[in-house]
Structures are given as C-alpha cells and as structure tokens.
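Chemist: Could you have a look at this structure, given as structure tokens, before my questions?
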Amino acid sequence: MKKQQEVLNKKLMAWIIIGVTVFSSLLGAVIYMLDVYPAVEAQEYSSGSFSVTPFDYGDGITAYEPAHIKGGIIFYPEAKVEHTAYEDLMISIASRGYICILVGMPLNQPALGRNAAMALEMRYPQVESWYMCGHGSGAKAAAAYAVKNTEIFDGVILLGGYSSHDLKGTGLKAISVY
C-alpha cells in the first residue's frame with residue numbers, strides 16, 4: 001500500500017511539473033507577443049499635407065485613399081511592430097496615387113494573420129491592379145497570400161523580407177527591397 005502511494009505521489013508530482021512548465025511557456029509566449037515596438041514617430045510626425053484620406057475600417061485595418069487611384073497595395077507589418085508605425089509610409093505611397101490598406105495582425109504576428117487581406121480588394125472595385133506588400137515576416141505572409149490568390153494580385157513587394165514560396169510560374173511581379 002505504501003509503495004502504491006509513493007508511485008501515485010510521483011505521478012502527481014510529474015503532472016504538476018508538466019502543468020507548470022506548459023502554463024509558464026504559454027504565459028511567456030503571450031507576454032512576448034504583446035510586447036510590441038510602438039509607433040511613436042508615425043503618430044508624432046505624420047503630416048496631413050498630402051491629399052490622402054485615411055479611413056478606419058476597424059479591427060486594425062486602415063485604408064489611405066488618394067484623390068485619384070492608380071492601383072492598390074495591401075500591407076502586412078513586421079512581427080512585434082505596431083502597425084500604425086507604417087502610417088507615414090502608407091501616406092507617402094497613397095499620395096502617389098495608390099490606395100494603401102494597412103492591416104493590423106492578431107497579436108502583432110503576421111503568421112497568425114496570413115489571410116487578413118481576404119476580400120479587402122473587393123471594397124474598391126474600381127482598382128484594377130493590386131499588390132501585396134509586407135515588411136520582414138509580414139513580407140513572407142504577404143507573399144504566401146498573394147501566391148494563393150494570383151487571380152487578384154499583380155505582384156508582391158517585399159521590404160526587408162522574402163517569400164517562402166516559389167514565385168516562378170505564378171505570373172506575379174516581384175520586387176525585394178533590402
């Protein structure tokens with residue numbers, strides 16, 4: 001009886017150790033994902049001098065609409081970077097005639113929001129030419145989405161990132177900026 005109790009105590013202790021380890025790992029992962037690089041510069045220095053109208057769709061999606069639209073860009077930010085940090089870039093591109101849709105990611109992780117661009121282009125049926133764009137790991141997620149939706153997109157713009165999918169034979173134009 002005593003030996004059986006010792007075995008049960010060892011099993012209980014093992015399960016407690018496993019539970020604490022799993023809980024600690026999950027808590028650490030959540031804390032890591034919630035710790036983001038804030039958009040201090042974009043919020044402080046953003047200029048309203050361009051003829052660009054920002055439109056907040058909610059859920060972290062903002063469209064920067066120019067007066068005259070030449071094409072459209074859907075942008076995925078880098079992991080752990082607050083998506084509003086790209087506001088100045090979106091305004092600058094939009095001022096050149098491209099509607100820019102900035103997409104915030106779940107827990108600031110593009111890998112978790114790979115399909116976040118789903119149907120965004122349908123809000124602008126007048127746009128004939130669409131591009132997926134992303135920075136860092138956002139570039140990887142943007143390229144993956146574009147490869148699966150070649151009928152929608154004309155190309156991908158990779159900023160400090162890469163595509164994990166082979167773009168040859170997809171018909172997508174690609175530019176990679178480092």
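Numbering starts fresh at 1 for the residues of each chain in the structure tokens, the chains themselves are lettered A, B, ... in the order given, and ligands are numbered from 1 as they appear.
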Would you mind listing what lies within 12 Å of A:His165 as a list in words, with only C-alpha atoms counted and same-chain residues fewer than 6 positions away left out?

Modeler: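 Surrounding residues, per the criterion: Ala139, Lys140, Ala141, Ala142, Ala143, Ala144, Tyr145, Ala146, Val147, Lys148, Val156 and Leu172 of chain A.
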
Chemist: Residues of the last selection are to be written out with N, CA, C and O atoms, as a short mmCIF file (atom, residue, chain, number, x, y, z; two decimals), in the first residue's frame.

Modeler:
data_model
loop_
_atom_site.label_atom_id
_atom_site.label_comp_id
_atom_site.auth_asym_id
_atom_site.auth_seq_id
_atom_site.Cartn_x
_atom_site.Cartn_y
_atom_site.Cartn_z
N ALA A 139 6.33 40.39 -44.96
CA ALA A 139 6.59 40.14 -46.38
C ALA A 139 6.37 38.67 -46.71
O ALA A 139 5.79 38.33 -47.74
N LYS A 140 6.83 37.81 -45.83
CA LYS A 140 6.65 36.36 -46.03
C LYS A 140 5.17 36.01 -46.05
O LYS A 140 4.70 35.27 -46.92
N ALA A 141 4.40 36.56 -45.11
CA ALA A 141 2.95 36.29 -45.05
C ALA A 141 2.23 36.89 -46.26
O ALA A 141 1.33 36.28 -46.82
N ALA A 142 2.64 38.10 -46.68
CA ALA A 142 2.03 38.76 -47.83
C ALA A 142 2.27 37.95 -49.10
O ALA A 142 1.35 37.76 -49.91
N ALA A 143 3.49 37.48 -49.28
CA ALA A 143 3.81 36.68 -50.47
C ALA A 143 3.03 35.37 -50.47
O ALA A 143 2.53 34.95 -51.52
N ALA A 144 2.91 34.74 -49.32
CA ALA A 144 2.15 33.49 -49.22
C ALA A 144 0.69 33.71 -49.61
O ALA A 144 0.10 32.90 -50.32
N TYR A 145 0.13 34.83 -49.18
CA TYR A 145 -1.26 35.12 -49.52
C TYR A 145 -1.40 35.42 -51.01
O TYR A 145 -2.33 34.95 -51.66
N ALA A 146 -0.46 36.19 -51.57
CA ALA A 146 -0.52 36.53 -52.99
C ALA A 146 -0.39 35.29 -53.87
O ALA A 146 -1.09 35.16 -54.88
N VAL A 147 0.49 34.36 -53.49
CA VAL A 147 0.69 33.13 -54.27
C VAL A 147 -0.60 32.31 -54.33
O VAL A 147 -0.90 31.70 -55.35
N LYS A 148 -1.36 32.33 -53.26
CA LYS A 148 -2.62 31.58 -53.22
C LYS A 148 -3.77 32.33 -53.87
O LYS A 148 -4.85 31.78 -54.03
N VAL A 156 4.06 41.28 -55.81
CA VAL A 156 4.39 41.39 -54.39
C VAL A 156 5.57 42.35 -54.23
O VAL A 156 6.45 42.42 -55.09
N LEU A 172 3.16 36.53 -60.98
CA LEU A 172 3.29 37.70 -60.10
C LEU A 172 4.60 38.43 -60.37
O LEU A 172 5.65 37.79 -60.49
#

Chemist: Write down as a PyMOL selection string the residues belonging to stretch 12-112 of chain A that are assigned alpha helix (DSSP H) by DSSP computed on the backbone.

Modeler: chain A and resi 12-34+40-45+87-94

Chemist: Kindly assemble as a Markdown table a list of the stretch 73-117 of chain A residues that lie within 9 Å of stretch 15-37 of chain A, each paired with its nearest atom pair and their distance in Å to one decimal, using only C-alpha atoms, sorted first by chain and then by ascending residue number.

Modeler:
| residue | atom | partner | partner_atom | distance |
| --- | --- | --- | --- | --- |
| A:Ala79 | CA | A:Val36 | CA | 8.2 |
| A:Lys80 | CA | A:Val36 | CA | 4.5 |
| A:Val81 | CA | A:Tyr37 | CA | 4.7 |
| A:Glu82 | CA | A:Tyr37 | CA | 5.8 |
| A:Ala85 | CA | A:Tyr37 | CA | 8.5 |
| A:Leu107 | CA | A:Met33 | CA | 5.8 |
| A:Asn108 | CA | A:Met33 | CA | 6.7 |
| A:Gln109 | CA | A:Met33 | CA | 7.3 |

Chemist: Env of A:Ala67: 9 Å cut, atoms = only C-alpha atoms, seq-sep filter 3 positions within chain, self excluded. Answer as a ChimeraX atom specification.

Modeler: /A:51-53,94-95,97

Chemist: List the spatial neighbours of A:Gly160 as JSON, numbers by chain - criterion: any atom at most 9 Å away, only C-alpha atoms, same-chain residues fewer than 4 positions off excluded.

Modeler: {"A": [134, 135, 136, 137, 139, 176, 177, 178]}

Chemist: For the residues selected in the previous step, produce a file with N, CA and C atoms as a PDB file, in the first residue's frame.

Modeler:
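Final file, again_25.pdb:
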ATOM      1  N   GLY A 134       4.752  43.687 -47.769  1.00  0.00           N
ATOM      2  CA  GLY A 134       4.983  43.426 -46.365  1.00  0.00           C
ATOM      3  C   GLY A 134       6.413  43.709 -45.977  1.00  0.00           C
ATOM      4  N   HIS A 135       6.618  43.886 -44.679  1.00  0.00           N
ATOM      5  CA  HIS A 135       7.937  44.152 -44.133  1.00  0.00           C
ATOM      6  C   HIS A 135       8.349  42.988 -43.240  1.00  0.00           C
ATOM      7  N   GLY A 136       9.556  42.476 -43.419  1.00  0.00           N
ATOM      8  CA  GLY A 136      10.071  41.387 -42.584  1.00  0.00           C
ATOM      9  C   GLY A 136       9.209  40.144 -42.686  1.00  0.00           C
ATOM     10  N   SER A 137       8.768  39.646 -41.542  1.00  0.00           N
ATOM     11  CA  SER A 137       7.915  38.448 -41.567  1.00  0.00           C
ATOM     12  C   SER A 137       6.562  38.764 -42.190  1.00  0.00           C
ATOM     13  N   ALA A 139       6.334  40.388 -44.957  1.00  0.00           N
ATOM     14  CA  ALA A 139       6.592  40.141 -46.382  1.00  0.00           C
ATOM     15  C   ALA A 139       6.369  38.669 -46.712  1.00  0.00           C
ATOM     16  N   SER A 176      12.072  43.056 -54.338  1.00  0.00           N
ATOM     17  CA  SER A 176      12.545  42.864 -52.979  1.00  0.00           C
ATOM     18  C   SER A 176      13.477  44.020 -52.635  1.00  0.00           C
ATOM     19  N   VAL A 177      13.154  44.737 -51.576  1.00  0.00           N
ATOM     20  CA  VAL A 177      13.937  45.901 -51.158  1.00  0.00           C
ATOM     21  C   VAL A 177      14.592  45.599 -49.830  1.00  0.00           C
ATOM     22  N   TYR A 178      15.932  45.740 -49.778  1.00  0.00           N
ATOM     23  CA  TYR A 178      16.670  45.490 -48.538  1.00  0.00           C
ATOM     24  C   TYR A 178      17.253  46.763 -48.025  1.00  0.00           C
TER      25      TYR A 178
END

Chemist: When DSSP works through the backbone of this structure, what residues of stretch 7-167 of chain A end up as strand (DSSP E), shown as number ranges by chain?

Modeler: A: 52-58, 61-66, 71-76, 98-103, 130-135, 153-159

Chemist: Could the residues in this selection be saved with C-alpha atoms as a CSV table (one decimal), in the first residue's frame?

Modeler:
chain,number,residue,atom,x,y,z
A,52,VAL,CA,-4.9,61.4,-48.8
A,53,THR,CA,-7.9,60.4,-46.7
A,54,PRO,CA,-7.4,57.8,-44.1
A,55,PHE,CA,-10.4,55.5,-43.5
A,56,ASP,CA,-10.5,53.3,-40.4
A,57,TYR,CA,-12.4,50.1,-41.1
A,58,GLY,CA,-11.9,48.9,-37.5
A,61,ILE,CA,-7.5,47.9,-40.9
A,62,THR,CA,-6.9,51.4,-42.2
A,63,ALA,CA,-7.1,52.5,-45.8
A,64,TYR,CA,-5.2,55.5,-47.1
A,65,GLU,CA,-7.2,56.7,-50.1
A,66,PRO,CA,-5.7,59.1,-52.6
A,71,GLY,CA,-3.7,50.9,-58.1
A,72,GLY,CA,-3.9,49.3,-54.7
A,73,ILE,CA,-1.5,47.9,-52.1
A,74,ILE,CA,-2.3,45.8,-49.1
A,75,PHE,CA,0.4,46.0,-46.5
A,76,TYR,CA,1.4,43.5,-43.8
A,98,TYR,CA,-2.1,54.1,-54.8
A,99,ILE,CA,-4.7,53.2,-52.2
A,100,CYS,CA,-2.8,51.6,-49.3
A,101,ILE,CA,-4.6,49.3,-46.9
A,102,LEU,CA,-2.6,48.8,-43.7
A,103,VAL,CA,-3.6,45.6,-41.9
A,130,TRP,CA,-3.4,45.1,-56.7
A,131,TYR,CA,-0.2,44.3,-55.0
A,132,MET,CA,0.6,42.6,-51.7
A,133,CYS,CA,3.4,44.2,-49.7
A,134,GLY,CA,5.0,43.4,-46.4
A,135,HIS,CA,7.9,44.2,-44.1
A,153,PHE,CA,-2.8,40.3,-57.4
A,154,ASP,CA,-0.4,41.5,-60.0
A,155,GLY,CA,2.7,41.3,-57.8
A,156,VAL,CA,4.4,41.4,-54.4
A,157,ILE,CA,6.6,44.0,-52.8
A,158,LEU,CA,9.0,42.5,-50.2
A,159,LEU,CA,10.6,45.1,-47.8
